[in-house]
$ cat start-v1.tsv   # TSV, C-alpha atoms and all ligand atoms
chain	number	residue	atom	x	y	z
C	1	MET	CA	-28.60	-31.68	-16.04
C	2	PRO	CA	-26.11	-33.07	-13.47
C	3	LEU	CA	-22.55	-31.75	-13.54
C	4	ASP	CA	-20.03	-34.13	-15.02
C	5	VAL	CA	-16.88	-34.62	-12.95
C	6	TYR	CA	-14.60	-35.25	-15.93
C	7	THR	CA	-15.77	-32.11	-17.74
C	8	LEU	CA	-15.21	-30.08	-14.59
C	9	TYR	CA	-11.75	-31.61	-14.24
C	10	ILE	CA	-10.77	-30.54	-17.74
C	11	CYS	CA	-12.23	-27.08	-17.09
C	12	GLU	CA	-10.20	-26.76	-13.90
C	13	LEU	CA	-6.94	-27.79	-15.56
C	14	PHE	CA	-7.62	-25.38	-18.44
C	15	VAL	CA	-8.49	-22.49	-16.09
C	16	LEU	CA	-5.41	-23.15	-13.94
C	17	GLY	CA	-3.17	-23.29	-17.01
C	18	PHE	CA	-4.67	-20.09	-18.37
C	19	VAL	CA	-4.46	-18.08	-15.12
C	20	SER	CA	-0.89	-19.33	-14.56
C	21	ILE	CA	0.07	-17.87	-17.95
C	22	ILE	CA	-1.70	-14.58	-17.14
C	23	MET	CA	0.16	-14.45	-13.81
C	24	VAL	CA	3.55	-15.10	-15.43
C	25	PHE	CA	2.99	-12.26	-17.92
C	26	ALA	CA	1.73	-9.92	-15.18
C	27	TRP	CA	4.73	-10.85	-13.00
C	28	SER	CA	7.28	-10.08	-15.72
C	29	GLY	CA	5.30	-6.94	-16.70
C	30	THR	CA	5.64	-5.54	-13.18
C	31	GLN	CA	9.43	-6.03	-13.12
C	32	TYR	CA	9.05	-9.24	-11.08
C	33	ASP	CA	6.77	-8.05	-8.30
C	34	ARG	CA	7.10	-10.48	-5.36
C	35	VAL	CA	3.33	-10.67	-4.76
C	36	LEU	CA	2.74	-11.80	-8.33
C	37	GLY	CA	5.78	-14.08	-8.21
C	38	TYR	CA	4.37	-16.02	-5.25
C	39	SER	CA	0.94	-16.06	-6.90
C	40	CYS	CA	2.49	-17.61	-10.05
C	41	LEU	CA	4.06	-20.33	-7.93
C	42	SER	CA	0.76	-20.90	-6.15
C	43	MET	CA	-1.11	-21.34	-9.44
C	44	GLY	CA	1.60	-23.62	-10.85
C	45	LEU	CA	1.57	-25.82	-7.74
C	46	THR	CA	-2.24	-26.02	-7.78
C	47	LEU	CA	-2.15	-27.05	-11.44
C	48	LEU	CA	0.28	-29.83	-10.60
C	49	ALA	CA	-1.77	-30.88	-7.55
C	50	VAL	CA	-4.99	-31.12	-9.59
C	51	PHE	CA	-3.21	-33.07	-12.31
C	52	LEU	CA	-1.82	-35.55	-9.79
C	53	SER	CA	-5.24	-35.86	-8.24
C	54	SER	CA	-6.62	-36.96	-11.60
C	55	LEU	CA	-4.24	-39.94	-11.58
C	56	ARG	CA	-6.60	-41.53	-9.06
C	57	SER	CA	-8.65	-42.77	-12.03
C	58	PHE	CA	-5.59	-44.79	-13.20
C	59	GLY	CA	-5.43	-46.55	-9.85
C	60	PHE	CA	-2.67	-44.42	-8.31
C	61	GLN	CA	-2.90	-43.76	-4.58
C	62	PHE	CA	0.37	-42.25	-3.36
C	63	LEU	CA	0.64	-39.52	-6.01
C	64	PRO	CA	-2.89	-38.12	-5.64
C	65	ILE	CA	-3.21	-38.60	-1.87
C	66	PHE	CA	0.23	-37.76	-0.56
C	67	VAL	CA	1.98	-35.67	-3.24
C	68	GLY	CA	-1.15	-33.98	-4.67
C	69	ASN	CA	-2.38	-32.70	-1.31
C	70	LEU	CA	1.16	-31.81	-0.24
C	71	LEU	CA	1.46	-29.60	-3.34
C	72	LEU	CA	-1.97	-28.12	-2.63
C	73	MET	CA	-0.79	-27.09	0.86
C	74	LEU	CA	2.39	-25.60	-0.62
C	75	ALA	CA	0.15	-23.68	-3.07
C	76	TYR	CA	-1.78	-22.24	-0.12
C	77	GLY	CA	1.58	-21.42	1.49
C	78	MET	CA	2.60	-19.48	-1.62
C	79	LEU	CA	-0.69	-17.58	-1.53
C	80	LEU	CA	0.08	-16.75	2.10
C	81	ASN	CA	3.53	-15.50	1.02
C	82	ALA	CA	1.89	-13.36	-1.67
C	83	PHE	CA	-0.41	-11.73	0.89
C	84	ARG	CA	2.42	-11.33	3.43
C	85	SER	CA	4.56	-9.61	0.78
C	86	PHE	CA	1.62	-7.37	-0.05
C	87	CYS	CA	1.47	-6.34	3.63
C	88	GLY	CA	5.23	-5.72	3.62
C	89	LYS	CA	5.81	-8.63	6.02
C	90	PRO	CA	8.83	-10.92	5.64
C	91	VAL	CA	8.26	-14.45	4.39
C	92	ARG	CA	8.96	-16.90	7.21
C	93	TYR	CA	8.33	-20.60	7.88
C	94	HIS	CA	4.48	-20.31	7.98
C	95	TRP	CA	4.05	-21.21	4.33
C	96	VAL	CA	5.49	-24.68	4.77
C	97	LEU	CA	3.53	-25.63	7.92
C	98	GLY	CA	0.44	-27.01	6.11
C	99	ALA	CA	2.54	-29.27	3.88
C	100	LEU	CA	4.59	-30.41	6.87
C	101	ILE	CA	1.47	-31.32	8.89
C	102	TRP	CA	0.10	-33.22	5.88
C	103	ALA	CA	3.35	-35.13	5.36
C	104	ILE	CA	3.56	-36.11	9.05
C	105	LEU	CA	-0.09	-37.26	9.21
C	106	CYS	CA	0.36	-39.39	6.08
C	107	LEU	CA	2.98	-41.40	7.97
C	108	PHE	CA	0.10	-42.86	9.99
C	109	PRO	CA	-1.60	-45.65	7.97
C	110	GLY	CA	-4.91	-45.06	9.81
C	111	PHE	CA	-4.99	-41.50	8.52
C	112	TYR	CA	-3.59	-42.28	5.07
C	113	HIS	CA	-6.32	-44.85	4.33
C	114	SER	CA	-9.23	-42.92	5.87
C	115	LEU	CA	-10.97	-40.60	3.42
C	116	PRO	CA	-13.16	-38.84	6.06
C	117	GLN	CA	-10.06	-38.06	8.17
C	118	ARG	CA	-8.16	-36.76	5.16
C	119	ILE	CA	-11.09	-34.56	4.14
C	120	PHE	CA	-11.38	-33.21	7.70
C	121	VAL	CA	-7.66	-32.29	7.91
C	122	CYS	CA	-7.68	-30.81	4.40
C	123	CYS	CA	-10.64	-28.61	5.34
C	124	VAL	CA	-9.04	-27.49	8.63
C	125	LEU	CA	-5.80	-26.51	6.83
C	126	CYS	CA	-7.73	-24.66	4.09
C	127	ILE	CA	-9.74	-22.81	6.76
C	128	LEU	CA	-6.55	-21.85	8.64
C	129	TYR	CA	-4.81	-20.59	5.49
C	130	THR	CA	-7.90	-18.67	4.33
C	131	SER	CA	-8.34	-17.09	7.80
C	132	ALA	CA	-4.70	-15.97	7.69
C	133	LEU	CA	-5.32	-14.41	4.24
C	134	ILE	CA	-8.39	-12.55	5.59
C	135	ILE	CA	-6.38	-11.19	8.54
C	136	LEU	CA	-3.55	-10.06	6.24
C	137	LEU	CA	-6.06	-8.37	3.96
C	138	VAL	CA	-7.54	-6.46	6.91
C	139	ARG	CA	-4.03	-5.31	7.85
C	140	SER	CA	-3.45	-3.92	4.37
C	141	ARG	CA	-6.82	-2.12	4.36
C	142	ALA	CA	-5.12	1.30	4.14
C	143	SER	CA	-3.59	0.54	0.75
C	144	LEU	CA	-6.78	-0.99	-0.71
C	145	GLN	CA	-9.75	1.26	-1.24
C	146	VAL	CA	-11.56	-0.49	-4.09
C	147	THR	CA	-10.37	-4.09	-4.02
C	148	PHE	CA	-10.75	-4.66	-0.28
C	149	TRP	CA	-14.43	-5.70	-0.22
C	150	PRO	CA	-14.44	-7.96	-3.32
C	151	ALA	CA	-11.32	-9.67	-1.93
C	152	GLN	CA	-12.94	-10.10	1.49
C	153	PHE	CA	-16.09	-11.50	-0.14
C	154	LEU	CA	-14.09	-14.03	-2.14
C	155	LEU	CA	-12.08	-15.24	0.86
C	156	TRP	CA	-15.14	-15.47	3.13
C	157	VAL	CA	-17.02	-17.55	0.53
C	158	HIS	CA	-13.99	-19.87	0.30
C	159	LEU	CA	-13.78	-20.09	4.10
C	160	LEU	CA	-17.50	-20.80	4.55
C	161	PHE	CA	-17.40	-23.39	1.76
C	162	HIS	CA	-14.73	-25.36	3.60
C	163	ILE	CA	-16.56	-25.05	6.92
C	164	ALA	CA	-19.68	-26.38	5.17
C	165	ARG	CA	-17.65	-29.16	3.55
C	166	MET	CA	-16.28	-30.18	6.93
C	167	LEU	CA	-19.86	-30.57	8.19
C	168	ILE	CA	-21.51	-32.06	5.08
C	169	ASP	CA	-18.85	-34.14	3.31
C	170	THR	CA	-18.96	-37.50	5.05
C	171	GLY	CA	-16.30	-38.90	2.76
C	172	SER	CA	-18.55	-41.53	1.15
C	173	ILE	CA	-16.60	-42.98	-1.75
C	174	SER	CA	-17.65	-41.69	-5.17
C	175	LYS	CA	-18.55	-44.27	-7.79
C	176	VAL	CA	-17.06	-41.95	-10.37
C	177	HIS	CA	-13.34	-42.48	-10.80
C	178	GLY	CA	-11.02	-39.49	-10.84
C	179	ALA	CA	-12.94	-37.22	-8.48
C	180	ILE	CA	-10.75	-34.94	-6.38
C	181	GLY	CA	-10.70	-36.39	-2.88
C	182	GLY	CA	-12.64	-39.37	-4.18
C	183	SER	CA	-15.90	-38.48	-2.39
C	184	THR	CA	-19.36	-37.73	-3.77
C	185	PHE	CA	-18.87	-34.12	-2.68
C	186	SER	CA	-15.96	-33.76	-5.11
C	187	LEU	CA	-18.13	-32.18	-7.82
C	188	TYR	CA	-18.73	-29.16	-5.61
C	189	VAL	CA	-15.07	-29.03	-4.56
C	190	ILE	CA	-13.94	-28.82	-8.19
C	191	LEU	CA	-16.61	-26.27	-9.05
C	192	GLU	CA	-15.75	-24.06	-6.06
C	193	SER	CA	-12.03	-24.32	-6.70
C	194	ILE	CA	-12.48	-23.25	-10.37
C	195	LEU	CA	-14.41	-20.17	-9.24
C	196	PHE	CA	-11.91	-19.48	-6.43
C	197	VAL	CA	-8.90	-19.74	-8.73
C	198	ILE	CA	-10.45	-17.29	-11.22
C	199	GLY	CA	-11.53	-14.96	-8.41
C	200	VAL	CA	-8.23	-14.99	-6.54
C	201	THR	CA	-6.21	-14.39	-9.72
C	202	PHE	CA	-8.14	-11.28	-10.70
C	203	THR	CA	-8.31	-10.10	-7.09
C	204	ILE	CA	-4.52	-10.28	-6.71
C	205	LEU	CA	-4.00	-8.53	-10.04
C	206	ALA	CA	-6.45	-5.81	-8.98
C	207	MET	CA	-4.80	-5.47	-5.55
C	208	VAL	CA	-1.33	-5.03	-7.05
C	209	ASN	CA	-2.69	-2.62	-9.66
C	210	GLU	CA	-4.52	-0.52	-7.06
C	211	ARG	CA	-1.46	-0.38	-4.82
C	212	SER	CA	0.73	0.78	-7.75
C	213	GLN	CA	-1.80	3.46	-8.68
C	214	ILE	CA	-1.88	4.77	-5.10
C	215	MET	CA	1.95	4.72	-4.99
C	216	TYR	CA	2.25	6.64	-8.28
C	217	LYS	CA	-0.38	9.15	-7.16
C	218	GLN	CA	1.42	9.67	-3.85
C	219	ALA	CA	4.75	10.01	-5.65
C	220	SER	CA	3.31	12.66	-7.97
C	221	LEU	CA	2.23	14.73	-4.95
C	222	ARG	CA	5.27	14.26	-2.68
C	223	ASP	CA	8.72	15.78	-2.68
C	224	PRO	CA	11.12	12.85	-3.11
C	225	LEU	CA	13.85	14.22	-0.80
C	226	THR	CA	11.86	15.45	2.20
C	227	GLY	CA	8.65	13.45	1.81
C	228	VAL	CA	6.49	16.58	2.35
C	229	TRP	CA	3.85	17.66	-0.19
C	230	ASN	CA	5.07	19.28	-3.41
C	231	ARG	CA	3.86	22.42	-5.23
C	232	ARG	CA	1.17	20.51	-7.16
C	233	ALA	CA	-0.31	19.03	-3.98
C	234	LEU	CA	-0.22	22.43	-2.27
C	235	PHE	CA	-2.15	24.10	-5.07
C	236	ASN	CA	-4.69	21.23	-5.14
C	237	GLN	CA	-5.20	21.65	-1.41
C	238	ALA	CA	-5.32	25.44	-1.70
C	239	ASP	CA	-8.28	25.27	-4.09
C	240	LYS	CA	-10.22	23.13	-1.60
C	241	LEU	CA	-9.31	25.33	1.37
C	242	THR	CA	-10.15	28.56	-0.48
C	243	LEU	CA	-13.62	27.17	-1.26
C	244	ARG	CA	-14.10	26.03	2.34
C	245	CYS	CA	-12.97	29.38	3.79
C	246	SER	CA	-15.11	31.43	1.41
C	247	ARG	CA	-18.18	29.38	2.44
C	248	SER	CA	-17.49	29.50	6.17
C	249	ALA	CA	-16.03	33.05	6.18
C	250	GLU	CA	-12.83	31.81	7.83
C	251	PRO	CA	-9.40	33.40	7.35
C	252	LEU	CA	-6.78	31.67	5.18
C	253	SER	CA	-3.11	32.29	5.86
C	254	VAL	CA	-0.24	31.58	3.50
C	255	ILE	CA	3.29	31.41	4.93
C	256	LEU	CA	6.38	31.26	2.71
C	257	PHE	CA	9.79	30.11	3.97
C	258	ASP	CA	13.22	30.52	2.36
C	259	LEU	CA	16.37	29.21	4.05
C	260	ASP	CA	19.05	31.86	4.35
C	261	HIS	CA	22.38	31.68	2.51
C	262	PHE	CA	21.69	28.09	1.59
C	263	LYS	CA	24.15	28.22	-1.27
C	264	SER	CA	26.99	29.01	1.12
C	265	ILE	CA	25.89	26.13	3.42
C	266	ASN	CA	26.15	23.80	0.43
C	267	ASP	CA	29.52	25.30	-0.50
C	268	ARG	CA	30.93	25.01	3.02
C	269	TYR	CA	29.51	21.67	4.18
C	270	GLY	CA	28.65	19.90	0.94
C	271	HIS	CA	25.41	19.01	-0.82
C	272	TYR	CA	24.73	16.01	1.42
C	273	GLN	CA	24.80	18.21	4.52
C	274	GLY	CA	22.55	20.67	2.67
C	275	ASP	CA	20.03	17.87	2.17
C	276	ARG	CA	20.16	17.02	5.87
C	277	ILE	CA	19.35	20.62	6.71
C	278	LEU	CA	16.35	20.57	4.37
C	279	LEU	CA	15.13	17.43	6.18
C	280	ASP	CA	15.74	19.02	9.58
C	281	PHE	CA	13.81	22.12	8.53
C	282	CYS	CA	10.79	20.02	7.47
C	283	GLN	CA	10.86	18.18	10.79
C	284	VAL	CA	10.97	21.43	12.78
C	285	VAL	CA	8.08	22.97	10.83
C	286	GLN	CA	5.90	19.87	11.02
C	287	GLN	CA	6.33	19.72	14.81
C	288	ILE	CA	5.02	23.28	15.14
C	289	LEU	CA	2.30	23.53	12.48
C	290	PRO	CA	-1.21	22.42	13.47
C	291	ALA	CA	-2.23	19.00	12.14
C	292	ASP	CA	-4.69	20.48	9.63
C	293	GLY	CA	-2.04	22.79	8.13
C	294	HIS	CA	-0.62	21.97	4.69
C	295	PHE	CA	3.11	22.23	4.31
C	296	ALA	CA	4.93	21.80	0.99
C	297	ARG	CA	8.30	22.20	-0.66
C	298	LEU	CA	7.98	24.58	-3.60
C	299	GLY	CA	11.47	23.78	-4.88
C	300	GLY	CA	15.10	24.21	-3.81
C	301	GLU	CA	15.17	25.77	-0.33
C	302	GLU	CA	11.69	27.34	-0.63
C	303	PHE	CA	8.71	26.03	1.29
C	304	ALA	CA	5.11	27.11	1.90
C	305	ALA	CA	2.32	26.42	4.35
C	306	ILE	CA	-1.40	27.17	4.12
C	307	LEU	CA	-3.50	27.26	7.25
C	308	VAL	CA	-7.01	28.19	8.27
C	309	VAL	CA	-5.85	30.66	10.97
C	310	ASP	CA	-6.12	34.41	11.47
C	311	GLU	CA	-3.24	36.91	11.26
C	312	PRO	CA	-2.11	36.84	14.94
C	313	ALA	CA	-1.96	33.01	14.83
C	314	ALA	CA	-0.03	33.08	11.53
C	315	ALA	CA	2.41	35.62	13.03
C	316	SER	CA	2.87	33.55	16.19
C	317	LEU	CA	3.42	30.28	14.28
C	318	SER	CA	5.91	31.98	11.92
C	319	GLU	CA	7.87	33.38	14.86
C	320	GLN	CA	7.88	30.01	16.63
C	321	ILE	CA	9.23	28.33	13.49
C	322	ARG	CA	11.90	31.00	12.97
C	323	SER	CA	13.25	30.65	16.52
C	324	ALA	CA	12.98	26.82	16.52
C	325	VAL	CA	15.01	26.69	13.29
C	326	LEU	CA	17.70	28.89	14.83
C	327	ALA	CA	17.86	26.68	17.93
C	328	SER	CA	18.02	23.48	15.88
C	329	LEU	CA	21.61	22.61	15.11
C	330	PRO	CA	21.60	19.53	12.86
C	331	ASP	CA	25.11	18.04	12.95
C	332	ASN	CA	26.20	21.27	14.70
C	333	VAL	CA	25.44	23.35	11.63
C	334	SER	CA	23.60	26.59	12.36
C	335	TYR	CA	21.08	27.89	9.82
C	336	SER	CA	18.19	30.35	9.70
C	337	VAL	CA	15.03	31.02	7.74
C	338	SER	CA	13.28	34.11	6.40
C	339	ILE	CA	9.49	34.06	6.51
C	340	GLY	CA	6.76	36.08	4.80
C	341	TYR	CA	3.05	35.59	5.40
C	342	THR	CA	-0.35	36.97	4.46
C	343	THR	CA	-3.88	36.39	5.74
C	344	ARG	CA	-7.06	36.88	3.74
C	345	TRP	CA	-10.67	36.90	4.88
C	346	LEU	CA	-12.38	37.42	1.55
C	347	HIS	CA	-11.61	34.76	-0.98
C	348	GLN	CA	-12.85	36.24	-4.21
C	349	GLN	CA	-9.23	36.53	-5.36
C	350	PRO	CA	-7.45	33.46	-6.69
C	351	PHE	CA	-5.07	31.66	-4.34
C	352	ALA	CA	-2.13	32.64	-6.56
C	353	GLU	CA	-2.62	36.25	-5.40
C	354	SER	CA	-2.09	35.20	-1.78
C	355	MET	CA	1.15	33.54	-2.89
C	356	VAL	CA	2.28	36.77	-4.58
C	357	ALA	CA	1.45	38.74	-1.42
C	358	ALA	CA	3.32	36.28	0.86
C	359	ASP	CA	6.25	36.38	-1.58
C	360	GLU	CA	6.36	40.14	-1.32
C	361	ALA	CA	6.51	39.83	2.48
C	362	LEU	CA	9.28	37.23	2.15
C	363	TYR	CA	11.24	39.55	-0.14
C	364	ARG	CA	11.12	42.22	2.60
C	365	ALA	CA	12.26	39.70	5.21
C	366	LYS	CA	15.31	38.96	3.03
C	367	ALA	CA	15.93	42.64	2.26
C	368	ASN	CA	15.66	43.62	5.94
C	369	GLY	CA	18.50	41.31	6.97
C	370	ARG	CA	17.09	37.70	6.84
C	371	ASN	CA	16.26	35.45	9.83
C	372	ARG	CA	13.04	37.40	10.38
C	373	VAL	CA	9.28	37.32	9.86
C	374	GLU	CA	7.43	39.89	7.78
C	375	ALA	CA	3.70	40.26	7.11
C	376	PHE	CA	2.24	41.40	3.81
C	377	ILE	CA	1.15	45.02	4.02
C	378	SER	CA	-1.75	45.87	1.73
C	379	PRO	CA	-0.91	48.86	-0.52
C	380	ALA	CA	-4.09	50.54	0.81
C	381	LEU	CA	-2.55	50.58	4.30
C	382	VAL	CA	0.88	51.87	3.28
C	401	LIG	N1	21.61	20.39	-0.85
C	401	LIG	C1	20.66	20.84	-1.65
C	401	LIG	N2	20.78	22.06	-2.20
C	401	LIG	C2	19.80	22.51	-3.00
C	401	LIG	C3	18.70	21.72	-3.33
C	401	LIG	N3	17.88	22.42	-4.16
C	401	LIG	C4	18.49	23.62	-4.37
C	401	LIG	N4	19.65	23.68	-3.64
C	401	LIG	C5	20.61	24.76	-3.58
C	401	LIG	O1	20.03	25.87	-2.89
C	401	LIG	C6	20.81	27.01	-3.24
C	401	LIG	C7	19.91	28.22	-3.34
C	401	LIG	O2	20.71	29.33	-3.46
C	401	LIG	P1	20.19	30.78	-3.69
C	401	LIG	O3	18.92	30.74	-4.49
C	401	LIG	O4	21.32	31.57	-4.22
C	401	LIG	O5	19.76	31.30	-2.29
C	401	LIG	P2	20.57	31.40	-0.92
C	401	LIG	O6	22.00	31.03	-1.05
C	401	LIG	O7	19.79	30.64	0.10
C	401	LIG	O8	20.48	32.93	-0.60
C	401	LIG	P3	19.25	33.72	-0.01
C	401	LIG	O9	18.00	32.98	-0.35
C	401	LIG	O10	19.31	35.04	-0.70
C	401	LIG	O11	19.46	33.80	1.46
C	401	LIG	C8	21.54	26.69	-4.55
C	401	LIG	O12	22.92	26.60	-4.29
C	401	LIG	C9	20.99	25.33	-4.92
C	401	LIG	O13	22.00	24.50	-5.50
C	401	LIG	C10	18.62	20.41	-2.77
C	401	LIG	O14	17.67	19.63	-2.99
C	401	LIG	N5	19.61	20.01	-1.94
$ encode --input "start-v1.tsv" --output "structure tokens" --more "lines below"
Ligand SMILES: Nc1nc2c(ncn2[C@@H]2O[C@H](COP(=O)(O)OP(=O)(O)OP(=O)(O)O)[C@@H](O)[C@H]2O)c(=O)[nH]1
Amino acid sequence: MPLDVYTLYICELFVLGFVSIIMVFAWSGTQYDRVLGYSCLSMGLTLLAVFLSSLRSFGFQFLPIFVGNLLLMLAYGMLLNAFRSFCGKPVRYHWVLGALIWAILCLFPGFYHSLPQRIFVCCVLCILYTSALIILLVRSRASLQVTFWPAQFLLWVHLLFHIARMLIDTGSISKVHGAIGGSTFSLYVILESILFVIGVTFTILAMVNERSQIMYKQASLRDPLTGVWNRRALFNQADKLTLRCSRSAEPLSVILFDLDHFKSINDRYGHYQGDRILLDFCQVVQQILPADGHFARLGGEEFAAILVVDEPAAASLSEQIRSAVLASLPDNVSYSVSIGYTTRWLHQQPFAESMVAADEALYRAKANGRNRVEAFISPALV
């Protein structure tokens, strides 16, 4: 059974209306996320463009040809803005370029009255916009683990369709009134655009949802002030490292840090300065620790690191950190740190026991005058 252009038209208007409503609800539900905001505008403009295109069957020329396609280019521009916002890029003039080119070309009667030329330019602009969306998607690969490939697939199908249309659609006038573009190829254009609109709507919703989930997950594992891992993340990581070390018979070292007399620093210089010292301390430690070390803020002015290194390496790193902290004078404020560490080779014991041992060493560092490094001494050796 051949596809009927009028039925497809109604389907497209219905689908566009429906996805526009979904987008508006999703946009308000996400506290007016910019990506969804631009997507709403894109859907709304496409709906208007398709409606104006249907006026061709009532004998209109200017509204479907000039205004309809102009709105379609603006809709692509809004989609570009949505993807740029997703990448964290500012919205510039790019989104209006397609519409501008269309408006200028329509000033030439030769172009305005030539269906093949209009189809060719429309295809080129669609290909350019879709290519830009693909490039932006590749740039945001890091924040898209699940949605990346479906989104790529969708955009590549759209791109290839328009390349094929450029080669196949000769612009022969359709005998059926009301076809988008007015050519016999219009049936396929409407069909593809219905599928693209549905696909792009759910892809954008999935992209925004995935990004939020990653953000919330990151936030639940990071310390909001310093940006380093928090206690929960450290313990998650510790479980993995303990398993790895027990399999490979590698040593696991735990180092605990506690800034000295931090209360008096807060009292003397203020809480804001105290925060700056916490940030400085994290910077100093991260410059010294090996890249595969895990460093976290346990709370207040207490920090911990877990590393797959033996005792001499743990002692050397601790000493380096202690002296680097002393030499670092953020805003000319001097501060110091007490450090306790422990190293274990056999990992039958839970990780929490290593924490208790390192804490015991830290307690001795404080008791012995602060600004020093102490190792855990096993009771069997005392
Ligand atoms: N500026 C700032 N201060 C904090 C933060 N979290 C905890 N503190 C302060 O850290 C101080 C910790 O004080 P104490 O536990 O008495 O320890 P201390 O003064 O460092 O003394 P010792 O550990 O014995 O050397 C308290 O005054 C807390 O208010 C924070 O996020 N920012």
$ closest_residue --input "start-v1.tsv" --among "C:Gln286, C:Asn371, C:Gln152, C:Asn230" --to "Leu317 in chain C" --atoms "all atoms listed in the file"
C:Gln286
$ residues_near_point --input "start-v1.tsv" --point "(-7.8, -18.5, -4.7)" --cutoff "10 Å" --atoms "only C-alpha atoms" --output "count of residues only"
25
$ residues_around --input "start-v1.tsv" --residues "Ile10 in chain C" --least-positions-apart "3" --cutoff "12 Å" --atoms "only C-alpha atoms" --output "ChimeraX atom specification"
/C:4-7,13-17,47,50-51,54,178-179,190-191,194
$ closest_residue --input "start-v1.tsv" --among "C:Arg276, C:Lys217, C:Arg364, C:Arg92" --to "ligand LIG 401 (chain C)" --atoms "only C-alpha atoms and all ligand atoms"
C:Arg276
$ residues_near_ligand --input "start-v1.tsv" --ligand "ligand LIG 401 (chain C)" --cutoff "6 Å" --atoms "all atoms listed in the file" --output "PyMOL selection string"
chain C and resi 259-264+266+271-272+274-275+300-301
$ write_last_selection --input "start-v1.tsv" --atoms "C-alpha atoms" --output "CSV table (one decimal), keeping the file's coordinate frame"
chain,number,residue,atom,x,y,z
C,259,LEU,CA,16.4,29.2,4.0
C,260,ASP,CA,19.0,31.9,4.4
C,261,HIS,CA,22.4,31.7,2.5
C,262,PHE,CA,21.7,28.1,1.6
C,263,LYS,CA,24.2,28.2,-1.3
C,264,SER,CA,27.0,29.0,1.1
C,266,ASN,CA,26.2,23.8,0.4
C,271,HIS,CA,25.4,19.0,-0.8
C,272,TYR,CA,24.7,16.0,1.4
C,274,GLY,CA,22.6,20.7,2.7
C,275,ASP,CA,20.0,17.9,2.2
C,300,GLY,CA,15.1,24.2,-3.8
C,301,GLU,CA,15.2,25.8,-0.3
